[in-house]
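final26.cif (mmCIF, C-alpha atoms and all ligand atoms) appears below.
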```
data_target
loop_
_atom_site.label_atom_id
_atom_site.label_comp_id
_atom_site.auth_asym_id
_atom_site.auth_seq_id
_atom_site.Cartn_x
_atom_site.Cartn_y
_atom_site.Cartn_z
CA MET A 119 103.64 70.79 36.80
CA LYS A 120 102.89 68.94 33.60
CA GLU A 121 105.48 68.40 30.87
CA ILE A 122 104.03 68.75 27.36
CA SER A 123 105.36 67.61 24.01
CA GLY A 124 104.62 69.14 20.58
CA GLY A 125 101.07 69.53 19.35
CA ILE A 126 99.21 69.98 22.62
CA LYS A 127 97.55 73.38 22.65
CA PRO A 128 96.44 74.17 26.20
CA GLU A 129 92.87 75.41 26.73
CA ASN A 130 92.57 79.12 27.63
CA GLY A 131 96.07 79.69 26.28
CA THR A 132 99.27 80.27 28.23
CA VAL A 133 101.55 82.97 29.52
CA CYS A 134 105.00 81.58 28.89
CA ALA A 135 108.43 82.45 30.30
CA LEU A 136 111.17 81.95 27.69
CA GLY A 137 114.83 81.14 28.36
CA LEU A 138 117.48 78.57 29.26
CA PHE A 139 117.16 79.46 32.98
CA ASP A 140 120.37 77.69 34.07
CA GLY A 141 120.50 78.17 37.83
CA VAL A 142 116.95 79.56 38.09
CA HIS A 143 118.61 82.54 39.81
CA ARG A 144 116.98 85.71 41.19
CA GLY A 145 116.73 87.28 37.70
CA HIS A 146 115.18 84.11 36.21
CA ARG A 147 112.68 83.98 39.06
CA LEU A 148 111.59 87.55 38.30
CA VAL A 149 110.84 86.50 34.68
CA ILE A 150 109.02 83.32 35.75
CA ASN A 151 107.07 85.01 38.58
CA THR A 152 105.93 87.69 36.13
CA ALA A 153 104.59 84.98 33.79
CA VAL A 154 102.87 83.11 36.64
CA SER A 155 101.15 86.28 37.97
CA LEU A 156 99.99 87.41 34.53
CA ALA A 157 98.64 83.94 33.77
CA LYS A 158 96.52 84.10 36.94
CA GLU A 159 95.25 87.56 35.99
CA LEU A 160 94.29 86.41 32.47
CA GLY A 161 92.86 83.05 33.54
CA ALA A 162 95.49 81.37 31.35
CA GLN A 163 97.95 78.61 32.27
CA SER A 164 101.52 79.50 33.25
CA ALA A 165 104.25 77.86 31.20
CA VAL A 166 108.01 77.72 30.69
CA PHE A 167 109.73 77.17 27.36
CA THR A 168 113.33 76.01 27.71
CA PHE A 169 115.78 73.62 26.05
CA LYS A 170 116.89 70.27 27.47
CA THR A 171 120.06 71.16 29.36
CA ASN A 172 122.39 68.54 27.87
CA THR A 173 121.50 69.55 24.29
CA VAL A 174 122.76 73.11 24.60
CA THR A 175 126.24 73.83 23.32
CA SER A 176 127.78 76.45 25.60
CA LYS A 177 131.23 75.15 26.47
CA GLY A 178 132.92 74.95 29.88
CA HIS A 179 136.63 75.64 30.53
CA ASP A 180 137.74 72.21 29.29
CA GLY A 181 135.32 71.99 26.38
CA ARG A 182 132.58 70.32 28.43
CA LEU A 183 129.07 71.52 28.94
CA GLU A 184 128.89 72.78 32.49
CA MET A 185 125.51 73.64 33.94
CA ILE A 186 124.55 74.86 37.40
CA LEU A 187 121.40 72.70 37.44
CA SER A 188 120.33 69.42 35.90
CA ASP A 189 116.97 69.21 34.09
CA GLU A 190 115.52 67.45 37.13
CA GLU A 191 116.58 70.24 39.48
CA LYS A 192 115.32 72.90 37.07
CA ARG A 193 111.93 71.16 36.96
CA ARG A 194 111.80 71.19 40.76
CA HIS A 195 112.44 74.97 40.81
CA PHE A 196 109.82 75.65 38.10
CA GLY A 197 107.25 73.60 40.02
CA ASP A 198 108.06 75.47 43.26
CA LEU A 199 107.44 78.77 41.45
CA GLY A 200 103.94 77.63 40.48
CA VAL A 201 104.59 76.92 36.78
CA GLU A 202 101.84 74.66 35.40
CA LEU A 203 103.25 73.56 32.03
CA LEU A 204 106.77 72.88 30.80
CA TYR A 205 107.81 72.50 27.17
CA SER A 206 111.52 71.59 26.82
CA PRO A 207 112.48 70.13 23.44
CA SER A 208 116.11 69.41 22.50
CA PHE A 209 118.09 72.24 20.91
CA GLU A 210 118.64 70.17 17.71
CA GLU A 211 114.90 69.92 17.18
CA LEU A 212 114.49 73.69 16.79
CA LYS A 213 117.90 75.06 15.90
CA ASP A 214 117.17 75.45 12.17
CA MET A 215 113.76 77.08 12.64
CA SER A 216 113.52 80.75 11.64
CA ALA A 217 112.56 83.34 14.27
CA GLU A 218 109.12 83.83 12.70
CA ALA A 219 108.50 80.06 12.47
CA PHE A 220 109.41 79.74 16.17
CA VAL A 221 106.76 82.32 17.09
CA ARG A 222 104.13 80.87 14.73
CA ASP A 223 104.73 77.12 15.15
CA ILE A 224 105.96 76.89 18.74
CA LEU A 225 104.65 79.87 20.70
CA VAL A 226 101.27 79.93 18.93
CA GLY A 227 101.09 76.38 17.53
CA VAL A 228 102.32 74.31 20.48
CA LEU A 229 101.95 76.58 23.49
CA GLY A 230 98.96 78.75 22.57
CA CYS A 231 100.76 81.78 24.03
CA ARG A 232 98.67 84.84 24.83
CA ALA A 233 101.68 86.53 26.38
CA VAL A 234 105.38 85.76 26.77
CA VAL A 235 107.92 87.03 29.29
CA CYS A 236 111.69 87.03 28.69
CA GLY A 237 114.92 88.74 29.74
CA ASP A 238 116.30 91.67 27.69
CA ASP A 239 119.07 89.52 26.11
CA PHE A 240 116.72 86.72 24.93
CA ARG A 241 117.63 85.43 21.42
CA PHE A 242 115.71 82.91 19.36
CA GLY A 243 115.44 81.36 15.90
CA LYS A 244 118.11 80.05 13.52
CA GLY A 245 121.56 81.46 14.32
CA ALA A 246 119.95 83.47 17.16
CA GLU A 247 118.52 85.87 14.53
CA GLY A 248 115.60 86.99 16.71
CA ASP A 249 115.89 89.36 19.68
CA CYS A 250 113.44 91.21 21.94
CA SER A 251 112.48 93.80 19.32
CA SER A 252 111.76 91.17 16.65
CA LEU A 253 109.80 89.21 19.27
CA GLU A 254 107.69 92.35 19.86
CA LEU A 255 107.20 92.71 16.11
CA TYR A 256 106.06 89.07 15.64
CA GLY A 257 104.00 89.46 18.81
CA ARG A 258 101.97 92.19 17.13
CA ILE A 259 101.49 90.02 14.01
CA TYR A 260 100.48 86.86 15.92
CA GLY A 261 98.59 88.55 18.78
CA ILE A 262 101.01 87.81 21.64
CA GLU A 263 101.74 90.35 24.35
CA VAL A 264 105.52 90.56 24.93
CA ILE A 265 106.95 91.53 28.33
CA VAL A 266 110.69 92.12 28.53
CA CYS A 267 112.28 92.17 32.01
CA ASP A 268 115.42 94.25 32.58
CA LYS A 269 118.42 92.50 34.12
CA LEU A 270 118.06 92.25 37.85
CA SER A 271 120.90 93.65 39.94
CA TYR A 272 121.82 92.30 43.35
CA LYS A 273 124.07 94.38 45.62
CA GLY A 274 124.98 96.57 42.64
CA GLU A 275 125.88 93.76 40.20
CA GLU A 276 123.87 92.27 37.35
CA VAL A 277 122.83 88.72 38.14
CA SER A 278 123.72 86.26 35.36
CA SER A 279 124.29 82.51 34.98
CA THR A 280 127.76 83.25 33.56
CA MET A 281 128.73 85.27 36.65
CA ILE A 282 127.37 82.56 38.98
CA ARG A 283 129.27 79.79 37.12
CA GLU A 284 132.46 81.85 37.41
CA CYS A 285 131.91 82.31 41.17
CA ILE A 286 131.37 78.55 41.65
CA ARG A 287 134.51 77.75 39.63
CA THR A 288 136.66 80.16 41.63
CA GLY A 289 135.51 79.31 45.18
CA LYS A 290 133.32 82.39 45.65
CA ILE A 291 130.49 80.15 46.77
CA GLU A 292 128.93 82.69 49.14
CA LYS A 293 128.59 85.21 46.31
CA ALA A 294 127.17 82.50 44.00
CA ASN A 295 124.62 81.62 46.72
CA GLU A 296 123.61 85.27 47.11
CA MET A 297 123.07 85.66 43.37
CA LEU A 298 121.19 82.37 43.12
CA GLY A 299 119.00 83.32 46.08
CA TYR A 300 119.38 79.79 47.47
CA ILE A 301 122.29 77.56 48.49
CA PHE A 302 124.12 75.81 45.62
CA SER A 303 124.00 72.05 46.13
CA LEU A 304 125.05 68.72 44.65
CA LYS A 305 122.57 65.85 44.80
CA LEU A 306 124.39 62.65 43.89
CA GLU A 307 124.56 58.96 44.71
CA VAL A 308 126.97 57.78 47.43
CA GLU A 309 129.58 55.39 46.03
CA HIS A 310 132.16 53.03 47.46
CA GLY A 311 135.73 54.31 47.81
CA ARG A 312 138.85 52.66 49.16
CA GLU A 313 137.46 52.59 52.70
CA LEU A 314 140.55 54.38 54.07
CA GLY A 315 138.53 57.20 55.68
CA ARG A 316 137.03 55.00 58.40
CA THR A 317 140.48 53.73 59.43
CA TRP A 318 141.46 57.38 60.12
CA ASN A 319 138.21 58.08 62.02
CA PHE A 320 137.09 60.28 59.15
CA PRO A 321 134.66 58.19 57.09
CA THR A 322 133.78 60.18 53.98
CA MET A 323 130.81 59.59 51.73
CA ASN A 324 132.03 59.73 48.13
CA GLN A 325 129.99 61.25 45.29
CA THR A 326 131.29 61.55 41.71
CA ILE A 327 130.60 64.89 40.05
CA PRO A 328 129.22 63.97 36.63
CA ARG A 329 130.18 65.42 33.25
CA GLY A 330 128.00 68.37 32.40
CA GLN A 331 127.72 69.58 35.98
CA ILE A 332 129.56 72.78 36.93
CA MET A 333 132.80 71.92 38.78
CA PRO A 334 133.27 73.89 42.00
CA LYS A 335 136.83 75.02 42.81
CA PHE A 336 138.79 72.08 44.22
CA GLY A 337 139.04 72.43 47.99
CA VAL A 338 137.30 72.11 51.33
CA TYR A 339 133.80 73.46 52.04
CA ALA A 340 131.51 73.80 55.04
CA THR A 341 128.36 71.97 54.00
CA ARG A 342 124.90 70.98 55.16
CA VAL A 343 123.75 67.47 54.39
CA THR A 344 120.26 66.01 54.67
CA VAL A 345 120.40 62.42 55.93
CA GLY A 346 117.19 60.54 56.63
CA GLY A 347 115.22 63.79 56.63
CA GLU A 348 117.56 65.37 59.20
CA GLU A 349 119.96 68.23 58.49
CA LYS A 350 123.57 67.53 59.50
CA PHE A 351 126.76 69.55 59.12
CA GLY A 352 129.60 68.29 56.97
CA VAL A 353 133.20 68.94 55.89
CA THR A 354 133.45 68.32 52.15
CA ASN A 355 136.55 68.03 50.00
CA ILE A 356 135.93 68.46 46.28
CA GLY A 357 138.83 67.32 44.13
CA VAL A 358 141.14 64.51 43.09
CA LYS A 359 143.08 63.83 46.35
CA PRO A 360 146.58 64.70 45.07
CA THR A 361 148.17 63.28 48.27
CA LEU A 362 147.07 59.76 47.35
CA LYS A 363 148.07 60.18 43.69
CA ALA A 364 145.05 58.05 42.85
CA HIS A 365 144.14 59.84 39.57
CA ASP A 366 140.44 59.54 40.38
CA ALA A 367 137.72 61.49 38.60
CA PRO A 368 136.74 64.55 40.68
CA LEU A 369 134.81 63.55 43.79
CA ALA A 370 132.89 65.30 46.52
CA GLU A 371 133.95 63.57 49.77
CA THR A 372 132.04 64.51 52.90
CA PHE A 373 132.74 63.70 56.54
CA ILE A 374 129.39 64.20 58.25
CA LEU A 375 129.73 65.56 61.79
CA ASP A 376 128.17 63.56 64.62
CA PHE A 377 126.79 60.85 62.35
CA GLU A 378 127.20 57.11 62.00
CA GLY A 379 125.42 54.98 59.45
CA ASP A 380 125.53 53.38 56.03
CA LEU A 381 124.80 55.74 53.15
CA TYR A 382 125.99 53.70 50.15
CA GLY A 383 123.60 53.88 47.19
CA GLN A 384 121.55 56.76 48.61
CA LYS A 385 121.08 60.01 46.69
CA ILE A 386 122.17 62.71 49.12
CA GLU A 387 122.14 66.49 48.76
CA ILE A 388 125.05 68.57 50.04
CA MET A 389 124.64 72.33 50.28
CA LEU A 390 127.85 74.34 49.89
CA ASP A 391 127.85 77.21 52.41
CA LYS A 392 131.47 78.31 52.61
CA PHE A 393 134.83 77.72 50.92
CA ILE A 394 137.41 76.90 53.60
CA ARG A 395 140.71 76.27 51.71
CA PRO A 396 142.06 74.98 48.38
CA GLU A 397 142.86 71.26 47.95
CA LYS A 398 146.55 70.50 48.42
CA GLY A 399 149.08 67.68 47.94
CA PHE A 400 150.60 66.76 51.35
CA ASP A 401 153.99 65.06 51.87
CA SER A 402 152.50 62.46 54.19
CA ILE A 403 149.15 60.98 55.17
CA ASP A 404 149.74 62.14 58.77
CA GLU A 405 149.94 65.77 57.60
CA LEU A 406 146.74 65.31 55.59
CA ARG A 407 144.97 63.79 58.62
CA ALA A 408 146.12 66.67 60.84
CA GLN A 409 144.82 69.15 58.26
CA ILE A 410 141.43 67.36 58.01
CA ALA A 411 141.14 67.62 61.82
CA LYS A 412 141.79 71.39 61.57
CA ASP A 413 139.25 71.73 58.72
CA THR A 414 136.69 69.92 60.87
CA ASP A 415 137.30 72.30 63.80
CA LYS A 416 136.91 75.27 61.48
CA VAL A 417 133.60 73.94 60.18
CA ARG A 418 132.36 73.32 63.75
CA ARG A 419 133.19 76.93 64.61
CA PHE A 420 131.54 78.21 61.41
CA TYR A 421 128.26 76.49 62.26
CA GLY A 422 128.67 76.97 66.03
CA VAL A 423 128.46 73.24 66.89
CA ASP A 424 130.55 71.77 69.72
CA GLU A 425 132.23 68.39 69.52
CA ARG A 426 130.06 65.70 71.07
C1 LIG B 501 137.85 67.62 54.98
C2 LIG B 501 138.70 66.89 53.98
C3 LIG B 501 139.77 67.53 53.38
C4 LIG B 501 140.57 66.88 52.45
N1 LIG B 501 141.62 67.53 51.89
C5 LIG B 501 142.45 66.90 51.05
C6 LIG B 501 143.57 67.57 50.49
O1 LIG B 501 143.82 68.76 50.71
N2 LIG B 501 144.40 66.87 49.69
C7 LIG B 501 144.17 65.54 49.40
O2 LIG B 501 144.97 64.96 48.69
N3 LIG B 501 143.08 64.90 49.87
C8 LIG B 501 142.23 65.53 50.70
N4 LIG B 501 141.13 64.87 51.21
C9 LIG B 501 140.79 63.53 50.71
C10 LIG B 501 141.37 62.38 51.51
O3 LIG B 501 142.59 62.05 50.91
C11 LIG B 501 140.38 61.20 51.41
O4 LIG B 501 139.18 61.56 52.02
C12 LIG B 501 140.92 59.94 52.03
O5 LIG B 501 141.95 59.51 51.24
C13 LIG B 501 139.85 58.84 52.14
O6 LIG B 501 139.55 58.27 50.91
P1 LIG B 501 138.45 57.12 50.72
O7 LIG B 501 137.09 57.77 50.84
O8 LIG B 501 138.69 56.56 49.34
O9 LIG B 501 138.65 56.12 51.81
C14 LIG B 501 140.30 65.52 52.13
C15 LIG B 501 139.20 64.88 52.71
C16 LIG B 501 138.41 65.53 53.63
C17 LIG B 501 137.24 64.82 54.25
N1 LIG B 502 130.09 60.43 59.73
C1 LIG B 502 130.09 59.91 58.50
N2 LIG B 502 130.32 60.69 57.40
C2 LIG B 502 130.34 60.16 56.16
N3 LIG B 502 130.09 58.85 55.91
C3 LIG B 502 129.84 58.02 56.95
C4 LIG B 502 129.83 58.51 58.28
N4 LIG B 502 129.57 57.46 59.10
C5 LIG B 502 129.43 56.39 58.33
N5 LIG B 502 129.57 56.69 57.03
C6 LIG B 502 129.48 55.67 55.97
O1 LIG B 502 130.81 55.26 55.66
C7 LIG B 502 131.15 55.46 54.29
C8 LIG B 502 132.52 56.10 54.18
O2 LIG B 502 133.52 55.32 54.79
P1 LIG B 502 134.96 55.27 54.15
O3 LIG B 502 135.81 54.38 55.02
O4 LIG B 502 135.48 56.65 53.88
O5 LIG B 502 134.66 54.45 52.84
P2 LIG B 502 134.65 54.84 51.27
O6 LIG B 502 136.09 54.91 50.90
O7 LIG B 502 133.93 53.67 50.64
O8 LIG B 502 133.92 56.13 51.11
C9 LIG B 502 130.06 56.41 53.75
O9 LIG B 502 129.76 56.19 52.41
C10 LIG B 502 128.87 56.10 54.66
O10 LIG B 502 128.12 55.03 54.12
#
```

Show me this structure written as structure tokens.
Amino acid sequence: MKEISGGIKPENGTVCALGLFDGVHRGHRLVINTAVSLAKELGAQSAVFTFKTNTVTSKGHDGRLEMILSDEEKRRHFGDLGVELLYSPSFEELKDMSAEAFVRDILVGVLGCRAVVCGDDFRFGKGAEGDCSSLELYGRIYGIEVIVCDKLSYKGEEVSSTMIRECIRTGKIEKANEMLGYIFSLKLEVEHGRELGRTWNFPTMNQTIPRGQIMPKFGVYATRVTVGGEEKFGVTNIGVKPTLKAHDAPLAETFILDFEGDLYGQKIEIMLDKFIRPEKGFDSIDELRAQIAKDTDKVRRFYGVDER
């Protein structure tokens, strides 16, 4: 997939999927797949128009931006879906542009759109003045076919980024995974901690959850971790370790089952399969250690792996 900046008008035109696509969930994939198939049919190039994630101002529970996917992860999903071109300017760059100017200068001028595909709640132009019916109107004026996809339902519920964020925040990770159509994961660098874990026979790789990333409910999860190309099972605590009263920023701490090795500095992906229990302040370290042993047994049973 090639990332384009303003002014490049692709030969043979494009069929472009339009949206923020946070999560690239089942509904988003329907929109993008429709654009990719139509592009093939028309002999045009498939494209995605989206905004740079960290420039969009939808607020999280504590006033932060909280996205399911980083730009890098979104790009990976678009590429996997067969998208050939990506145009993702910052929101500031376009926020004062009228709806008609967006169609004329961006969809025609930059992207050479022959057709566009969007969801039924797509808004565009200054103050979100444009909607699907005005897009159809401008489409007729500027010669762009407009395809609007209805909201996809999964197991009787409409799939939306808002619903998925809410599920992740409240520990309903299995439901979030179903709606996403893949397993929600965190891919972050392994940092140094206080090196207490190893003295308890539970070394934990520590990964700080950055600002802007959706914060899963604090607690323990059954996870899968890819280390050196091999998939391992893990027990992950996400939270601030209230027992130690350390006042750390929220961390994902993972004890990887049946593994020994040095992971500091590596970027490692953890896939969250199941929420096991909420994080808790214990009266003593011994109680916490006993609980971690129980959590580990539970995770072994969940994945069906015996202790070595
Ligand atoms: C499976 C698991 C569950 C945990 N649960 C809790 C918890 O409920 N409350 C808490 O304060 N800390 C919890 N922790 C965090 C431990 O306090 C932490 O891993 C330990 O202090 C080691 O820290 P270090 O990596 O800085 O050495 C948990 C850790 C793991 C691996
Ligand atoms: N089974 C394992 N699970 C997680 N990390 C492990 C494991 N075995 C070795 N390690 C290594 O040990 C480190 C964690 O040890 P720990 O004593 O908890 O130190 P820290 O407080 O720096 O995280 C990890 O970052 C990783 O490099």

Please tabulate, as a tab-separated table, the residues of segment 286-312 of chain A that come within 10 Å of segment 343-367 of chain A, each with its closest pair of atoms and the distance in Å to one decimal, counting only C-alpha atoms and ordering rows by chain, then residue number upward.
```
residue	atom	partner	partner_atom	distance
A:Ser303	CA	A:Val343	CA	9.4
A:Leu304	CA	A:Val343	CA	9.9
A:Lys305	CA	A:Val343	CA	9.8
```

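The coordinates place atom CA of Leu406 of chain A at 6.7 Å from atom C7 of ligand LIG 501 (chain B).
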
Length of the atom CA of Arg312 of chain A to atom CA of Arg407 of chain A vector [Å]: 15.8 Å

Excluding same-chain residues fewer than 4 positions from Gly131 of chain A, what lies within 8 Å of it counting only C-alpha atoms, as a PyMOL selection string? chain A and resi 127+162-163+229-232

So that all listed atoms of segment 286-297 of chain A fit with 3 Å spare on each side, what axis-aligned box centre and edge lengths in Å, to one decimal, would you give as JSON?
```
{"center_x": 129.9, "center_y": 81.7, "center_z": 44.4, "size_x": 19.6, "size_y": 13.9, "size_z": 15.5}
```

Excluding Cys250 of chain A and its own-chain neighbours fewer than 5 positions away, which residues fall within 12 Å of it when counting only C-alpha atoms? Please give them as a PyMOL selection string. chain A and resi 136+217+234-243+255-257+263-268

Calculated over all atoms listed in the file, which of the candidates A:Lys158, A:Lys213, A:His143, A:Arg419 has the smallest distance to Thr280 of chain A? A:His143

Excluding segment 283-293 of chain A and any residue of its chain fewer than 6 positions from it, enumerate the residues within 9 Å of it, using only C-alpha atoms, and give them as a CSV table (one decimal) with C-alpha atoms, keeping the file's coordinate frame.
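Done, and the output landed in out.csv:
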```csv
chain,number,residue,atom,x,y,z
A,141,GLY,CA,120.5,78.2,37.8
A,184,GLU,CA,128.9,72.8,32.5
A,185,MET,CA,125.5,73.6,33.9
A,186,ILE,CA,124.6,74.9,37.4
A,301,ILE,CA,122.3,77.6,48.5
A,302,PHE,CA,124.1,75.8,45.6
A,332,ILE,CA,129.6,72.8,36.9
A,333,MET,CA,132.8,71.9,38.8
A,334,PRO,CA,133.3,73.9,42.0
A,335,LYS,CA,136.8,75.0,42.8
A,336,PHE,CA,138.8,72.1,44.2
A,337,GLY,CA,139.0,72.4,48.0
A,390,LEU,CA,127.8,74.3,49.9
A,391,ASP,CA,127.8,77.2,52.4
A,392,LYS,CA,131.5,78.3,52.6
A,393,PHE,CA,134.8,77.7,50.9
A,394,ILE,CA,137.4,76.9,53.6
A,395,ARG,CA,140.7,76.3,51.7
A,396,PRO,CA,142.1,75.0,48.4
```

At a cut-off of 6 Å and counting only C-alpha atoms and all ligand atoms, what residues surround ligand LIG 502 (chain B)? Please answer as a CSV table (one decimal) with C-alpha atoms, in the frame of the given file.
```csv
chain,number,residue,atom,x,y,z
A,308,VAL,CA,127.0,57.8,47.4
A,310,HIS,CA,132.2,53.0,47.5
A,311,GLY,CA,135.7,54.3,47.8
A,312,ARG,CA,138.8,52.7,49.2
A,313,GLU,CA,137.5,52.6,52.7
A,314,LEU,CA,140.6,54.4,54.1
A,315,GLY,CA,138.5,57.2,55.7
A,316,ARG,CA,137.0,55.0,58.4
A,321,PRO,CA,134.7,58.2,57.1
A,322,THR,CA,133.8,60.2,54.0
A,323,MET,CA,130.8,59.6,51.7
A,324,ASN,CA,132.0,59.7,48.1
A,372,THR,CA,132.0,64.5,52.9
A,373,PHE,CA,132.7,63.7,56.5
A,374,ILE,CA,129.4,64.2,58.2
A,375,LEU,CA,129.7,65.6,61.8
A,377,PHE,CA,126.8,60.8,62.4
A,378,GLU,CA,127.2,57.1,62.0
A,379,GLY,CA,125.4,55.0,59.4
A,380,ASP,CA,125.5,53.4,56.0
A,381,LEU,CA,124.8,55.7,53.2
A,382,TYR,CA,126.0,53.7,50.2
```

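A cut-off of 10 Å from the point (119.7, 72.5, 31.0), with all atoms listed in the file, picks out the residues Leu138, Phe139, Asp140, Gly141, Thr168, Phe169, Lys170, Thr171, Asn172, Thr173, Val174, Leu183, Glu184, Met185, Ile186, Leu187, Ser188, Asp189, Glu190, Glu191, Lys192, Arg193, Ser206, Ser208, Gly330 and Gln331 of chain A.
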
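Across A:Asp404, A:Glu159, A:Asp424, A:Glu371, the tightest approach to ligand LIG 501 (chain B) is made by A:Glu371 when counting only C-alpha atoms and all ligand atoms.
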
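Shortest atom-to-atom contact with ligand LIG 501 (chain B) among A:Asp415, A:Glu210, A:Glu218, A:Glu296: A:Asp415, counting all atoms listed in the file.
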
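Checking A:Glu309, A:Glu425, A:Gly161, A:Met389 one by one against ligand LIG 501 (chain B), counting all atoms listed in the file, you find the shortest gap at A:Glu309.
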
Given the point (133.2, 61.0, 41.8) in the coordinates of this file, which residues lie within 6 Å, counting all atoms listed in the file, and how would they look as a PDB file with C-alpha atoms, in the coordinates of the input?
```pdb
ATOM      1  CA  GLN A 325     129.990  61.250  45.290  1.00  0.00           C
ATOM      2  CA  THR A 326     131.290  61.550  41.710  1.00  0.00           C
ATOM      3  CA  ILE A 327     130.600  64.890  40.050  1.00  0.00           C
ATOM      4  CA  ALA A 367     137.720  61.490  38.600  1.00  0.00           C
ATOM      5  CA  PRO A 368     136.740  64.550  40.680  1.00  0.00           C
ATOM      6  CA  LEU A 369     134.810  63.550  43.790  1.00  0.00           C
TER       7      LEU A 369
END
```

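For the choices A:Ala246, A:Leu156, A:Ala294, A:Leu148, the atom-to-atom distance to Leu270 of chain A is smallest for A:Leu148 when using all atoms listed in the file.
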
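Here the question is which of A:Gly422, A:Gly197, A:Gly299, A:Gly399 gets nearest to ligand LIG 501 (chain B) using all atoms listed in the file, and that residue is A:Gly399.
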
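Going from atom CA of Tyr300 of chain A to atom C4 of ligand LIG 501 (chain B) covers 25.3 Å.
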
Excluding Tyr260 of chain A and any residue of its chain fewer than 2 positions from it, enumerate the residues within 8 Å of it, using only C-alpha atoms, and give them as a ChimeraX atom specification. /A:221-222,226,256-258,262

Could you please take those selected residues and save C-alpha atoms as a PDB file, keeping the file's coordinate frame?
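result-v6.pdb, freshly written:
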```
ATOM      1  CA  VAL A 221     106.760  82.320  17.090  1.00  0.00           C
ATOM      2  CA  ARG A 222     104.130  80.870  14.730  1.00  0.00           C
ATOM      3  CA  VAL A 226     101.270  79.930  18.930  1.00  0.00           C
ATOM      4  CA  TYR A 256     106.060  89.070  15.640  1.00  0.00           C
ATOM      5  CA  GLY A 257     104.000  89.460  18.810  1.00  0.00           C
ATOM      6  CA  ARG A 258     101.970  92.190  17.130  1.00  0.00           C
ATOM      7  CA  ILE A 262     101.010  87.810  21.640  1.00  0.00           C
TER       8      ILE A 262
END
```

Write out N, CA and C atoms for segment 400-415 of chain A, as a PDB file, in the coordinates of the input.
```pdb
ATOM      1  N   PHE A 400     149.786  66.775  50.125  1.00  0.00           N
ATOM      2  CA  PHE A 400     150.600  66.760  51.350  1.00  0.00           C
ATOM      3  C   PHE A 400     151.718  65.749  51.198  1.00  0.00           C
ATOM      4  N   ASP A 401     152.841  65.965  51.967  1.00  0.00           N
ATOM      5  CA  ASP A 401     153.990  65.060  51.870  1.00  0.00           C
ATOM      6  C   ASP A 401     153.710  63.725  52.539  1.00  0.00           C
ATOM      7  N   SER A 402     152.810  63.723  53.510  1.00  0.00           N
ATOM      8  CA  SER A 402     152.500  62.460  54.190  1.00  0.00           C
ATOM      9  C   SER A 402     151.020  62.417  54.553  1.00  0.00           C
ATOM     10  N   ILE A 403     150.539  61.186  54.771  1.00  0.00           N
ATOM     11  CA  ILE A 403     149.150  60.980  55.170  1.00  0.00           C
ATOM     12  C   ILE A 403     148.899  61.614  56.539  1.00  0.00           C
ATOM     13  N   ASP A 404     149.916  61.551  57.433  1.00  0.00           N
ATOM     14  CA  ASP A 404     149.740  62.140  58.770  1.00  0.00           C
ATOM     15  C   ASP A 404     149.461  63.638  58.669  1.00  0.00           C
ATOM     16  N   GLU A 405     150.189  64.330  57.781  1.00  0.00           N
ATOM     17  CA  GLU A 405     149.940  65.770  57.600  1.00  0.00           C
ATOM     18  C   GLU A 405     148.537  66.017  57.078  1.00  0.00           C
ATOM     19  N   LEU A 406     148.106  65.177  56.139  1.00  0.00           N
ATOM     20  CA  LEU A 406     146.740  65.310  55.590  1.00  0.00           C
ATOM     21  C   LEU A 406     145.707  65.104  56.695  1.00  0.00           C
ATOM     22  N   ARG A 407     145.916  64.072  57.520  1.00  0.00           N
ATOM     23  CA  ARG A 407     144.970  63.790  58.620  1.00  0.00           C
ATOM     24  C   ARG A 407     144.911  64.950  59.597  1.00  0.00           C
ATOM     25  N   ALA A 408     146.084  65.524  59.912  1.00  0.00           N
ATOM     26  CA  ALA A 408     146.120  66.670  60.840  1.00  0.00           C
ATOM     27  C   ALA A 408     145.351  67.852  60.238  1.00  0.00           C
ATOM     28  N   GLN A 409     145.516  68.043  58.932  1.00  0.00           N
ATOM     29  CA  GLN A 409     144.820  69.150  58.260  1.00  0.00           C
ATOM     30  C   GLN A 409     143.301  68.914  58.258  1.00  0.00           C
ATOM     31  N   ILE A 410     142.879  67.664  58.017  1.00  0.00           N
ATOM     32  CA  ILE A 410     141.430  67.360  58.010  1.00  0.00           C
ATOM     33  C   ILE A 410     140.840  67.648  59.409  1.00  0.00           C
ATOM     34  N   ALA A 411     141.616  67.338  60.462  1.00  0.00           N
ATOM     35  CA  ALA A 411     141.140  67.620  61.820  1.00  0.00           C
ATOM     36  C   ALA A 411     140.949  69.135  62.000  1.00  0.00           C
ATOM     37  N   LYS A 412     141.899  69.921  61.475  1.00  0.00           N
ATOM     38  CA  LYS A 412     141.790  71.390  61.570  1.00  0.00           C
ATOM     39  C   LYS A 412     140.587  71.894  60.774  1.00  0.00           C
ATOM     40  N   ASP A 413     140.400  71.322  59.560  1.00  0.00           N
ATOM     41  CA  ASP A 413     139.250  71.730  58.720  1.00  0.00           C
ATOM     42  C   ASP A 413     137.957  71.464  59.473  1.00  0.00           C
ATOM     43  N   THR A 414     137.897  70.306  60.142  1.00  0.00           N
ATOM     44  CA  THR A 414     136.690  69.920  60.870  1.00  0.00           C
ATOM     45  C   THR A 414     136.410  70.914  62.001  1.00  0.00           C
ATOM     46  N   ASP A 415     137.469  71.300  62.730  1.00  0.00           N
ATOM     47  CA  ASP A 415     137.300  72.300  63.800  1.00  0.00           C
ATOM     48  C   ASP A 415     136.769  73.616  63.245  1.00  0.00           C
TER      49      ASP A 415
END
```
